[in-house]
Amino acid sequence: ILAAVTPPAKTPKAFSVLQGLLGVFPNCTYSPNNLGVSLRNPGAVIHPGVMYGRWCPEKWDGNPVDEKPLFYQGVEEFSESVLLGLTGEVQAIKKKMEELVPGLDLRDACDLKQWYMDCYAGQMTDTSSLRACMNTNPGYRGLTHPCKDADDGKFVPDLKYRYLAEDVPTGMCFNRGLGEILGVPMPMTDKVLGWAQDCIGLKILEDGKMCGPDVVKTRAPQATGIATLDDFLKASKIDKAALASAPPKPPPAVPPPAETEEKNPF
């Protein structure tokens with residue numbers, strides 16, 4: 001389990017208690033801060049991105065399909081381009097934060113392909129691209145898009161499934177909200193979020209801003225009135241002055257632990 005503690009001074013005690021409760025396994029691995037863990041969240045990218053890639057108006061005509069499409073193994077060129085756009089925008093947030101807050105260690109906020117390499121190395125038969133990692137991961141074999149039964153034995157997508165209903169408000173909206181505060185352009189996120197909010201019946205992004213009436217139902221910083229970097233740092237308990245004066249920390253001796261974005265495989 002990749003874990004961070006706020007405030008950092010409480011890390012030894014918190015890790016001791018947590019590991020004691022868990023036992024020998026799973027192992028709690030140190031991460032420098034909670035922001036890095038949040039930006040690492042694969043569900044904020046994979047689930048909305050793959051859903052958009054298969055069911056957006058560009059790819060689906062609205063008619064029932066003969067069978068449930070494969071979710072991960074079915075990722076093709078268009079869906080991969082969506083995922084690369086989304087993860088690239090998160091990386092832009094990471095880079096901007098590290099520029100604005102010298103000493104802030106966001107090493108764990110890796111891009112999506114690196115996340116696959118960290119978590120599934122040795123299991124995928126082709127790691128030449130993000131799409132190949134997803135297509136050849138044996139842990140994903142046979143997993144399909146969430147669908148509902150339609151007439152004549154056909155299927156329609158369940159566009160209110162947790163891949164959108166949970167991962168958009170709790171994951172994607174956090175990324176988009178922080179990006180807005182930092183002035184980071186997020187065109188792919190805007191496209192996917194605009195489509196997804198219609199699917200789940202929420203008004204979050206309006207006129208290119210995280211100011212819709214339902215933003216309060218999300219994890220976006222704007223949900224709690226945070227509108228500036230200083231406000232965000234204060235709420236996150238990130239001490240800019242202390243980080244700037246602290247000596248650099250060495251890289252971790254062990255790689256991040258295995259994780260999964262699949263809470264309830266179906």
# chains A, B, ... in the order shown; residues from 1 in each chain; ligands from 1
>>> residues_around(residues="A:Thr218", least_positions_apart="6", cutoff="8 Å", atoms="only C-alpha atoms", output="short mmCIF file (atom, residue, chain, number, x, y, z; two decimals) with N, CA, C and O atoms, in the first residue's frame")
data_model
loop_
_atom_site.label_atom_id
_atom_site.label_comp_id
_atom_site.auth_asym_id
_atom_site.auth_seq_id
_atom_site.Cartn_x
_atom_site.Cartn_y
_atom_site.Cartn_z
N PRO A 169 -16.35 12.31 -10.23
CA PRO A 169 -16.39 13.29 -9.13
C PRO A 169 -15.20 13.20 -8.17
O PRO A 169 -14.70 14.22 -7.71
N THR A 170 -14.75 11.98 -7.86
CA THR A 170 -13.72 11.83 -6.83
C THR A 170 -12.31 11.88 -7.37
O THR A 170 -11.37 12.17 -6.62
N CYS A 173 -12.28 15.09 -11.27
CA CYS A 173 -12.59 16.47 -10.88
C CYS A 173 -11.51 17.08 -10.00
O CYS A 173 -11.26 18.29 -10.05
N PHE A 174 -10.86 16.26 -9.19
CA PHE A 174 -9.73 16.78 -8.40
C PHE A 174 -8.62 17.25 -9.34
O PHE A 174 -8.09 18.35 -9.19
#
>>> residues_around(residues="stretch 28-43 of chain A", least_positions_apart="2", cutoff="9 Å", atoms="only C-alpha atoms", output="PyMOL selection string")
chain A and resi 1-8+11+15+18-19+22+25-26+45-48+87+90-91+93-94+104-112+115+163+167-168+171-172+174-175+236+238+252+254-257+260-262
>>> closest_residue(among="A:Gly183, A:Gly194, A:Gly225, A:Pro138", to="A:Asp126", atoms="only C-alpha atoms")
A:Pro138
>>> closest_residue(among="A:Glu180, A:Leu21, A:Gly53, A:Pro248", to="A:Leu84", atoms="only C-alpha atoms")
A:Gly53
>>> closest_residue(among="A:Ala246, A:Ile200, A:Leu182, A:Val192", to="A:Tyr52", atoms="only C-alpha atoms")
A:Val192
>>> atom_distance(atom1="atom CA of A:Lys191", atom2="atom CA of A:Val82")
9.5 Å
>>> decode(residues="stretch 81-92 of chain A", atoms="N, CA, C and O atoms", output="short mmCIF file (atom, residue, chain, number, x, y, z; two decimals), in the first residue's frame")
data_model
loop_
_atom_site.label_atom_id
_atom_site.label_comp_id
_atom_site.auth_asym_id
_atom_site.auth_seq_id
_atom_site.Cartn_x
_atom_site.Cartn_y
_atom_site.Cartn_z
N SER A 81 -5.46 7.20 -27.44
CA SER A 81 -5.17 8.63 -27.59
C SER A 81 -5.87 9.45 -26.50
O SER A 81 -5.32 10.45 -26.02
N VAL A 82 -7.07 9.03 -26.11
CA VAL A 82 -7.77 9.71 -25.02
C VAL A 82 -7.00 9.54 -23.71
O VAL A 82 -6.76 10.51 -22.97
N LEU A 83 -6.59 8.31 -23.42
CA LEU A 83 -5.86 8.03 -22.19
C LEU A 83 -4.53 8.77 -22.14
O LEU A 83 -4.14 9.31 -21.10
N LEU A 84 -3.82 8.82 -23.27
CA LEU A 84 -2.54 9.53 -23.30
C LEU A 84 -2.76 11.03 -23.09
O LEU A 84 -1.95 11.69 -22.43
N GLY A 85 -3.86 11.55 -23.63
CA GLY A 85 -4.16 12.95 -23.40
C GLY A 85 -4.44 13.23 -21.93
O GLY A 85 -3.94 14.21 -21.37
N LEU A 86 -5.24 12.38 -21.31
CA LEU A 86 -5.59 12.57 -19.90
C LEU A 86 -4.37 12.47 -18.99
O LEU A 86 -4.14 13.32 -18.13
N THR A 87 -3.58 11.41 -19.17
CA THR A 87 -2.43 11.23 -18.29
C THR A 87 -1.37 12.29 -18.55
O THR A 87 -0.67 12.72 -17.63
N GLY A 88 -1.26 12.76 -19.79
CA GLY A 88 -0.33 13.84 -20.09
C GLY A 88 -0.71 15.13 -19.38
O GLY A 88 0.17 15.89 -18.93
N GLU A 89 -1.99 15.39 -19.25
CA GLU A 89 -2.44 16.60 -18.57
C GLU A 89 -2.18 16.51 -17.07
O GLU A 89 -1.85 17.51 -16.42
N VAL A 90 -2.31 15.32 -16.49
CA VAL A 90 -1.96 15.14 -15.08
C VAL A 90 -0.46 15.37 -14.87
O VAL A 90 -0.03 15.97 -13.88
N GLN A 91 0.34 14.90 -15.83
CA GLN A 91 1.78 15.13 -15.73
C GLN A 91 2.12 16.62 -15.82
O GLN A 91 3.07 17.09 -15.20
N ALA A 92 1.34 17.35 -16.59
CA ALA A 92 1.55 18.80 -16.68
C ALA A 92 1.25 19.47 -15.34
O ALA A 92 1.93 20.43 -14.94
#
